Each structure stands twice: as structure tokens, then as C-alpha cells.
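*Asks:* Compact mmCIF, C-alpha atoms, file structure_3.txt:
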```
# COMPACT_ATOMS: atom_id res chain seq x y z
CA MET C 367 125.12 103.15 103.71
CA ALA C 368 123.72 101.73 100.47
CA ASP C 369 126.14 100.46 97.83
CA ARG C 370 126.14 103.19 95.18
CA HIS C 371 126.87 100.51 92.56
CA LEU C 372 123.39 99.05 92.98
CA PRO C 373 121.40 99.50 89.76
CA GLY C 374 119.90 102.97 89.43
CA LEU C 375 121.53 104.63 92.42
CA GLU C 376 124.04 106.45 90.21
CA ASP C 377 121.04 108.41 88.82
CA PRO C 378 118.88 109.40 91.82
CA VAL C 379 116.29 111.29 89.75
CA ASN C 380 115.47 108.09 87.88
CA VAL C 381 116.09 105.63 90.72
CA VAL C 382 112.71 103.87 90.49
CA HIS C 383 112.28 104.19 86.74
CA GLY C 384 112.88 100.48 86.22
CA TRP C 385 110.52 99.32 88.96
CA ASP C 386 107.66 98.74 86.54
CA GLU C 387 106.82 95.19 87.63
CA ALA C 388 107.15 95.99 91.33
CA HIS C 389 104.80 98.97 91.04
CA ARG C 390 102.32 96.97 88.98
CA THR C 391 102.24 93.78 91.05
CA SER C 392 103.48 94.35 94.61
CA PRO C 393 100.73 94.48 97.25
CA ALA C 394 101.52 97.89 98.78
CA PRO C 395 101.27 99.93 95.53
CA ARG C 396 98.11 98.04 94.55
CA HIS C 397 96.45 98.86 97.85
CA ARG C 398 97.51 102.51 97.69
CA ARG C 399 95.84 102.75 94.29
CA ARG C 400 92.71 101.10 95.70
CA LEU C 401 92.57 103.46 98.67
CA VAL C 402 93.12 106.55 96.52
CA VAL C 403 90.44 105.52 94.01
CA ASP C 404 87.97 104.87 96.85
CA ILE C 405 88.59 108.35 98.29
CA VAL C 406 88.36 110.08 94.91
CA ARG C 407 85.15 108.20 94.10
CA ALA C 408 83.37 110.27 96.75
CA LEU C 409 84.66 113.61 95.42
CA ASP C 410 83.01 115.80 92.79
CA VAL C 411 85.96 116.10 90.40
CA ARG C 412 86.32 115.79 86.65
CA ASP C 413 90.07 116.04 86.09
CA CYS C 414 93.17 115.29 88.12
CA LEU C 415 96.93 115.60 88.09
CA ASP C 416 99.10 112.82 89.48
CA ALA C 417 102.11 114.85 90.61
CA GLY C 418 105.10 112.53 90.73
CA CYS C 419 103.21 109.92 88.73
CA GLY C 420 106.02 107.45 88.02
CA GLN C 421 104.60 104.54 86.06
CA PRO C 422 101.02 105.58 85.30
CA TYR C 423 99.13 102.76 87.03
CA LEU C 424 97.24 105.12 89.33
CA LEU C 425 96.21 107.22 86.33
CA GLU C 426 95.03 104.06 84.58
CA ALA C 427 92.85 103.17 87.58
CA LEU C 428 91.38 106.67 87.88
CA GLN C 429 90.53 106.77 84.19
CA ARG C 430 89.20 103.22 84.01
CA GLU C 431 87.14 103.20 87.22
CA LEU C 432 86.07 106.86 87.52
CA GLY C 433 86.32 108.22 83.99
CA LEU C 434 88.49 111.16 85.01
CA GLU C 435 90.47 113.28 82.60
CA THR C 436 94.00 112.56 83.79
CA TYR C 437 97.38 114.30 83.62
CA GLY C 438 100.78 113.25 84.95
CA CYS C 439 104.08 114.87 85.83
CA ASP C 440 107.33 113.56 87.27
CA ILE C 441 110.87 114.77 87.83
CA SER C 442 112.15 111.67 85.99
CA ASP C 443 112.61 112.49 82.33
CA ARG C 444 113.02 108.78 81.54
CA THR C 445 109.66 108.00 83.12
CA ILE C 446 107.90 110.78 81.21
CA GLU C 447 109.52 109.73 77.94
CA ASP C 448 108.16 106.23 78.45
CA SER C 449 104.72 107.55 79.37
CA ARG C 450 104.17 109.93 76.46
CA GLY C 451 102.77 107.23 74.22
CA SER C 452 100.33 106.00 76.84
CA ALA C 453 96.59 106.41 76.37
CA VAL C 454 95.92 106.86 80.08
CA ALA C 455 96.55 110.61 80.30
CA ARG C 456 95.89 113.69 78.20
CA GLU C 457 99.43 114.93 78.81
CA PHE C 458 102.64 114.05 80.66
CA ARG C 459 105.23 116.64 81.63
CA VAL C 460 108.65 116.73 83.34
CA LEU C 461 108.25 118.92 86.42
CA ASP C 462 110.23 119.57 89.62
CA LEU C 463 107.55 120.00 92.29
CA SER C 464 109.82 121.89 94.66
CA ARG C 465 110.40 124.61 92.03
CA GLU C 466 107.66 124.50 89.40
CA ILE C 467 103.95 124.27 88.74
CA TRP C 468 102.12 123.08 85.63
CA PRO C 469 102.07 126.14 83.37
CA GLY C 470 98.80 127.67 82.38
CA ARG C 471 96.24 125.45 84.10
CA THR C 472 94.92 123.99 87.33
CA PHE C 473 93.10 120.74 88.18
CA ASP C 474 90.04 119.79 90.24
CA LEU C 475 92.24 117.33 92.11
CA VAL C 476 96.01 117.11 92.58
CA ILE C 477 97.29 113.78 93.88
CA CYS C 478 100.81 113.36 95.23
CA SER C 479 101.39 109.73 96.23
CA GLU C 480 104.68 108.55 97.78
CA VAL C 481 106.62 111.58 96.58
CA LEU C 482 107.10 114.17 99.34
CA GLU C 483 109.34 111.83 101.35
CA HIS C 484 111.90 112.14 98.51
CA ILE C 485 111.96 115.96 98.46
CA PRO C 486 114.14 117.77 101.03
CA ASP C 487 112.19 121.02 100.55
CA TRP C 488 108.83 119.30 100.79
CA PRO C 489 106.99 122.41 102.13
CA ALA C 490 107.82 124.21 98.87
CA ALA C 491 106.56 121.22 96.90
CA LEU C 492 103.37 121.11 98.95
CA THR C 493 102.78 124.81 98.31
CA ASN C 494 103.11 124.17 94.57
CA LEU C 495 100.64 121.28 94.79
CA ALA C 496 98.13 123.66 96.39
CA ARG C 497 98.71 126.25 93.66
CA MET C 498 97.80 123.69 90.98
CA ALA C 499 94.57 122.51 92.67
CA ARG C 500 91.09 124.00 92.21
CA ARG C 501 89.23 121.77 94.66
CA TYR C 502 91.32 119.12 96.44
CA VAL C 503 94.83 117.98 97.26
CA LEU C 504 95.30 114.29 98.13
CA ILE C 505 98.62 113.13 99.58
CA THR C 506 99.98 109.75 100.61
CA VAL C 507 103.32 109.45 102.38
CA PRO C 508 105.08 106.89 104.56
CA THR C 509 105.08 107.38 108.30
CA GLY C 510 107.02 105.64 111.03
CA LYS C 511 110.70 104.73 111.06
CA VAL C 512 112.94 105.52 108.07
CA ARG C 513 114.40 102.07 107.41
CA ALA C 514 117.33 100.86 105.30
CA MET C 515 115.16 100.22 102.24
CA ASP C 516 113.67 103.71 102.53
CA ARG C 517 117.06 105.38 102.66
CA MET C 518 118.25 103.27 99.73
CA VAL C 519 115.50 104.63 97.47
CA GLY C 520 115.96 108.23 98.55
CA HIS C 521 113.56 108.92 101.42
CA THR C 522 114.81 112.01 103.24
CA GLN C 523 112.04 112.01 105.86
CA HIS C 524 108.83 110.33 106.96
CA PHE C 525 105.81 112.16 108.35
CA ASP C 526 103.69 112.10 111.50
CA GLY C 527 100.68 114.04 110.18
CA PRO C 528 100.57 117.33 112.12
CA GLU C 529 103.45 118.80 110.10
CA LEU C 530 101.63 118.03 106.84
CA ALA C 531 98.38 119.51 108.15
CA ALA C 532 100.23 122.64 109.29
CA ALA C 533 102.01 123.03 105.96
CA LEU C 534 98.74 122.55 104.08
CA GLY C 535 97.16 125.23 106.26
CA ALA C 536 100.06 127.57 105.53
CA ALA C 537 99.47 126.96 101.80
CA GLY C 538 95.82 127.97 102.21
CA CYS C 539 94.35 124.46 102.25
CA TRP C 540 91.90 122.99 104.76
CA PRO C 541 92.60 119.35 105.77
CA VAL C 542 89.37 117.35 105.81
CA MET C 543 90.75 113.82 106.33
CA VAL C 544 93.88 112.43 107.94
CA ARG C 545 94.11 108.65 108.01
CA ARG C 546 96.71 106.01 108.75
CA TRP C 547 96.65 102.61 107.09
CA GLY C 548 98.69 99.42 107.09
CA PHE C 549 98.58 97.90 110.57
CA PRO C 550 99.43 95.13 111.10
CA PHE C 551 100.37 93.32 107.88
CA HIS C 552 101.72 96.13 105.71
CA SER C 553 103.81 97.32 108.66
CA LEU C 554 105.26 93.82 109.12
CA TYR C 555 105.89 93.60 105.36
CA ARG C 556 107.84 96.87 105.37
CA ALA C 557 110.00 95.68 108.25
CA ALA C 558 110.64 92.35 106.52
CA ILE C 559 111.74 93.78 103.18
CA SER C 560 113.95 96.34 104.92
CA ALA C 561 115.74 93.52 106.75
CA GLN C 562 116.76 92.25 103.28
CA ALA C 563 117.03 95.72 101.75
CA GLU C 564 119.82 95.20 99.24
CA ARG C 565 118.51 91.87 97.95
CA VAL C 566 114.96 93.20 97.65
CA TYR C 567 116.18 96.39 95.98
CA ARG C 568 118.06 94.39 93.34
CA ALA C 569 114.96 92.31 92.64
CA PHE C 570 112.73 95.40 92.31
CA ALA C 571 115.25 97.30 90.16
CA SER C 572 115.93 94.44 87.77
CA GLY C 573 112.77 95.18 85.79
CA ALA C 574 112.27 91.45 85.23
CA ARG C 575 108.76 90.06 85.05
CA TYR C 576 107.65 88.31 88.23
CA GLY C 577 107.82 84.54 88.13
CA LEU C 578 104.90 82.33 89.15
CA GLY C 579 106.05 82.13 92.77
CA GLN C 580 106.43 85.90 93.06
CA ARG C 581 103.02 86.48 91.53
CA VAL C 582 101.36 83.97 93.87
CA LEU C 583 103.05 85.52 96.92
CA SER C 584 102.18 89.05 95.84
CA GLU C 585 98.54 88.09 95.31
CA ALA C 586 98.37 86.34 98.69
CA LEU C 587 99.82 89.41 100.44
CA TYR C 588 97.47 91.68 98.52
CA ARG C 589 94.47 89.73 99.81
CA LEU C 590 95.90 89.62 103.34
CA PHE C 591 96.36 93.40 103.35
CA PHE C 592 92.60 93.94 103.13
CA LEU C 593 92.54 93.10 106.85
CA ASN C 594 94.47 96.34 107.45
CA ASP C 595 91.25 98.23 106.60
CA ARG C 596 89.84 97.21 110.00
CA PHE C 597 92.43 99.33 111.82
CA ARG C 598 93.37 103.02 111.78
CA GLY C 599 97.09 102.66 112.32
CA GLY C 600 100.09 101.76 110.23
CA ASP C 601 102.98 103.06 108.16
CA GLU C 602 100.87 104.75 105.47
CA LEU C 603 99.55 108.29 105.98
CA ILE C 604 96.77 109.66 103.76
CA VAL C 605 95.72 113.32 103.86
CA LEU C 606 92.89 114.93 101.90
CA ALA C 607 92.55 118.72 101.92
CA GLN C 608 90.40 121.32 100.23
CA ALA C 609 92.40 123.55 97.91
CA PRO C 610 92.73 127.27 98.66
CA THR C 611 90.14 128.27 96.05
CA ALA C 612 87.63 125.79 97.53
CA VAL C 613 88.16 126.54 101.23
CA GLN C 614 85.30 128.07 103.16
CA THR C 615 86.52 129.26 106.51
CA PRO C 616 84.48 127.65 109.30
CA GLU C 617 82.40 130.06 111.38
```
As C-alpha cells, please, write out the structure in this file.

*Replies:*
Amino acid sequence: MADRHLPGLEDPVNVVHGWDEAHRTSPAPRHRRRLVVDIVRALDVRDCLDAGCGQPYLLEALQRELGLETYGCDISDRTIEDSRGSAVAREFRVLDLSREIWPGRTFDLVICSEVLEHIPDWPAALTNLARMARRYVLITVPTGKVRAMDRMVGHTQHFDGPELAAALGAAGCWPVMVRRWGFPFHSLYRAAISAQAERVYRAFASGARYGLGQRVLSEALYRLFFLNDRFRGGDELIVLAQAPTAVQTPE
């Protein structure tokens, strides 16, 4: 069991609030942003909500590279307070996805990246994602074994794919893409950092800027992870679905 005296674990809602440098620089978040932007590039959407946005680096990429009108919400009040002054989104809002939807509006695209694994009642959250979407819902979640590092940061489950597709169908959505990513190098990376879970967690949670060695290693791993694109396996699951209002039932 994780040491509850580790920084941030006394406040589970805000557990990754201080992970700014890790989310900005580490290879896995950078590649997730790249993969999401590449998928969204092919969609006919004008605005999007990043549901569970955390630090708004994905919103920055969507605005900068695709010119989307962006919105963000997160259960972490500290994260939203920090994000309110940012120029990357029209509006940020504190929102509990398992209980709430954005009041008074919907979005062409709702993205939920690395969030559902933290929510015990994830089917309710997924239903609320569908209710906020006009055209598409895009989800990324971890798959495979729940390791020590995952439990430390609050993962309550990982996903295989069919359960997400079934829940999306129950919410009125139509899955149009289910993809795995990360084999072999991201999968090996996840296993390696989990073997040193407490030490890695302390480094991520410190909020300190990466030193030269950390930046060089992160960049090298980022470049290596491009080789994962050649395979269709791995510990990352990506699901794109049409929203209920956009679904046309196949004949």
C-alpha cells in the first residue's frame, strides 16, 4: 500500500495537481497529445471540451495546431484555479464527471484523456460525457495490469475495450475506432517506472523543473516511442465514438 505521507496523497482530488513538469515533458503524455491531435485533425469539429483537463497542455495543442475553440473542466479546484488565467481556453470549470454535466451547452467534441480509470462509477461519467457531446466522444485510458504506480495515483480500474464500447453503446454512442498503442517501448517504460513507484512518484510530485539529464532522457524516450506507431498493441487504449445526436443507425 502506498505511503499516505507521500506528497499529495492526503488530498486525492488534487493528487496530480503539482505534476506540471511531468505532464509537460514526460514522453507518454506528449505522445498521447500527439495521437489525440492527429485523430481530431481528421474530424469536422469547431469546438471541444477536455473533460478532466488537468494542466491544459492538450488544450494548448488543439488550439495551436487545429484552431479549435477550447473549454476545460476538472474535479480539481486547484487545477482550475491555476488555469483560469490561461489564454488556451474560453472557459474552465470545476466539474465532477460522475455527477454533473457542463450547464447550458454542448460541444462538437468531448475528450476524456486518462480520467475514467480514476472514477469508480465510470459508466455514469461516460454517460455524462455523451450528454455533453454533439458529434464525437474521444477517450483514452490505460489498459493492462494495474501496477503499483497506478494504484498510487488513484487508478481504480484499467480497461480492455469491450466494456467501454458497451457502455458507449448504452449511452447512445456508436464506437467508430478502438485502438491500442504503446507496444513495446511505452509498455516497458510503464513497467520500469512502476518498479520504482515511490521514488518516481516523489520526483513527479515535486513540481521541480527537469534538469538537463532528465530532459535529455525524456526527449530520447519520446523519439523512441514513435516506433510504437508500427504496432497495434500496448497499454494505451483509444476509443472514438459518434455522439448520440450524430449517430445514424446502420441499415

*Asks:* Which residue out of C:Met515, C:Arg589, C:Ala536, C:Asp448 has the minimum interatomic distance to Phe570 of chain C when only C-alpha atoms are used?

*Replies:* C:Met515

*Asks:* Using all atoms listed in the file for the distances, tell me which of C:Val460, C:Ala533, C:Leu583, C:Leu409 is nearest to Ala490 of chain C.

*Replies:*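 Of C:Val460, C:Ala533, C:Leu583, C:Leu409, the one nearest Ala490 of chain C is C:Ala533, counting all atoms listed in the file.
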
*Asks:* Compile the contact shell of Val507 of chain C as a list in words: residues with an atom at most 10 Å away, counting all atoms listed in the file, same-chain residues fewer than 2 positions apart removed.

*Replies:*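 My reading of the contact set: Cys478, Ser479, Glu480, Val481, Leu482, Glu483, His484, Ile505, Thr509, Gln523, His524, Phe525, Asp526, Gly527, Leu530, Arg546, Asp601, Glu602, Leu603, Ile604 and Val605 of chain C.
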
*Asks:* If you measure from atom CA of Val582 of chain C to atom CA of Phe551 of chain C, what distance in Å do you get, rounded to one decimal?

*Replies:* 16.9 Å

*Asks:* Please measure the separation of atom CA of Lys511 of chain C and atom CA of Leu593 of chain C, giving the value in Å to one decimal.

*Replies:*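 Between atom CA of Lys511 of chain C and atom CA of Leu593 of chain C the gap is 22.0 Å.
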
*Asks:* Which is closer to Gln608 of chain C than all the others in C:Val402, C:Arg500, C:Phe458, C:Val519, using all atoms listed in the file?

*Replies:*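 Residue with the minimum atom-to-atom distance to Gln608 of chain C: C:Arg500.
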
*Asks:* Show me, as a ChimeraX atom specification, the residues that have an atom within 12 Å of segment 389-395 of chain C when counting all atoms listed in the file, minus same-chain residues fewer than 4 positions from it.

*Replies:* /C:382-385,399-402,419-424,426-427,479-480,506-508,547-548,551-556,559,566,569-571,573-578,580-592,594,601-602

*Asks:* Using atom CA of Thr522 of chain C and atom CA of Arg598 of chain C as the two end points, give the distance in Å to one decimal.

*Replies:*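 Atom CA of Thr522 of chain C sits 24.8 Å away from atom CA of Arg598 of chain C.
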
*Asks:* Measuring between all atoms listed in the file, which one of C:Pro550, C:Ala388, C:Ala612, C:Asn494 shows the shortest distance to Asp410 of chain C?

*Replies:*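 Checking each of C:Pro550, C:Ala388, C:Ala612, C:Asn494 against Asp410 of chain C, counting all atoms listed in the file, the winner is C:Ala612.
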
*Asks:* Give me the residues within 10 Å of Glu435 of chain C as a ChimeraX atom specification, counting all atoms listed in the file and dropping any in the same chain fewer than 4 places off.

*Replies:* /C:411-415,425,428-429,454-457,473

*Asks:* Go through segment 421-519 of chain C and flag each residue having an atom no more than 9 Å from segment 404-408 of chain C; for those, report the closest pair of atoms plus their distance in Å to one decimal, using all atoms listed in the file, ordered by chain and rising number, as CSV.

*Replies:*
```
residue,atom,partner,partner_atom,distance
C:Leu428,CA,C:Val406,CA,8.4
C:Glu431,CA,C:Arg407,CA,8.7
C:Leu432,CA,C:Arg407,CA,6.8
C:Leu475,CA,C:Val406,CA,8.7
C:Leu504,CA,C:Val406,CA,8.7
```

*Asks:* So that I can check the surroundings of segment 538-541 of chain C, please list as number ranges by chain every protein, DNA and RNA residue that reaches within 8 Å of it, counting all atoms listed in the file and ignoring chain neighbours fewer than 5 positions away.

*Replies:* C: 496, 531, 605-610, 613
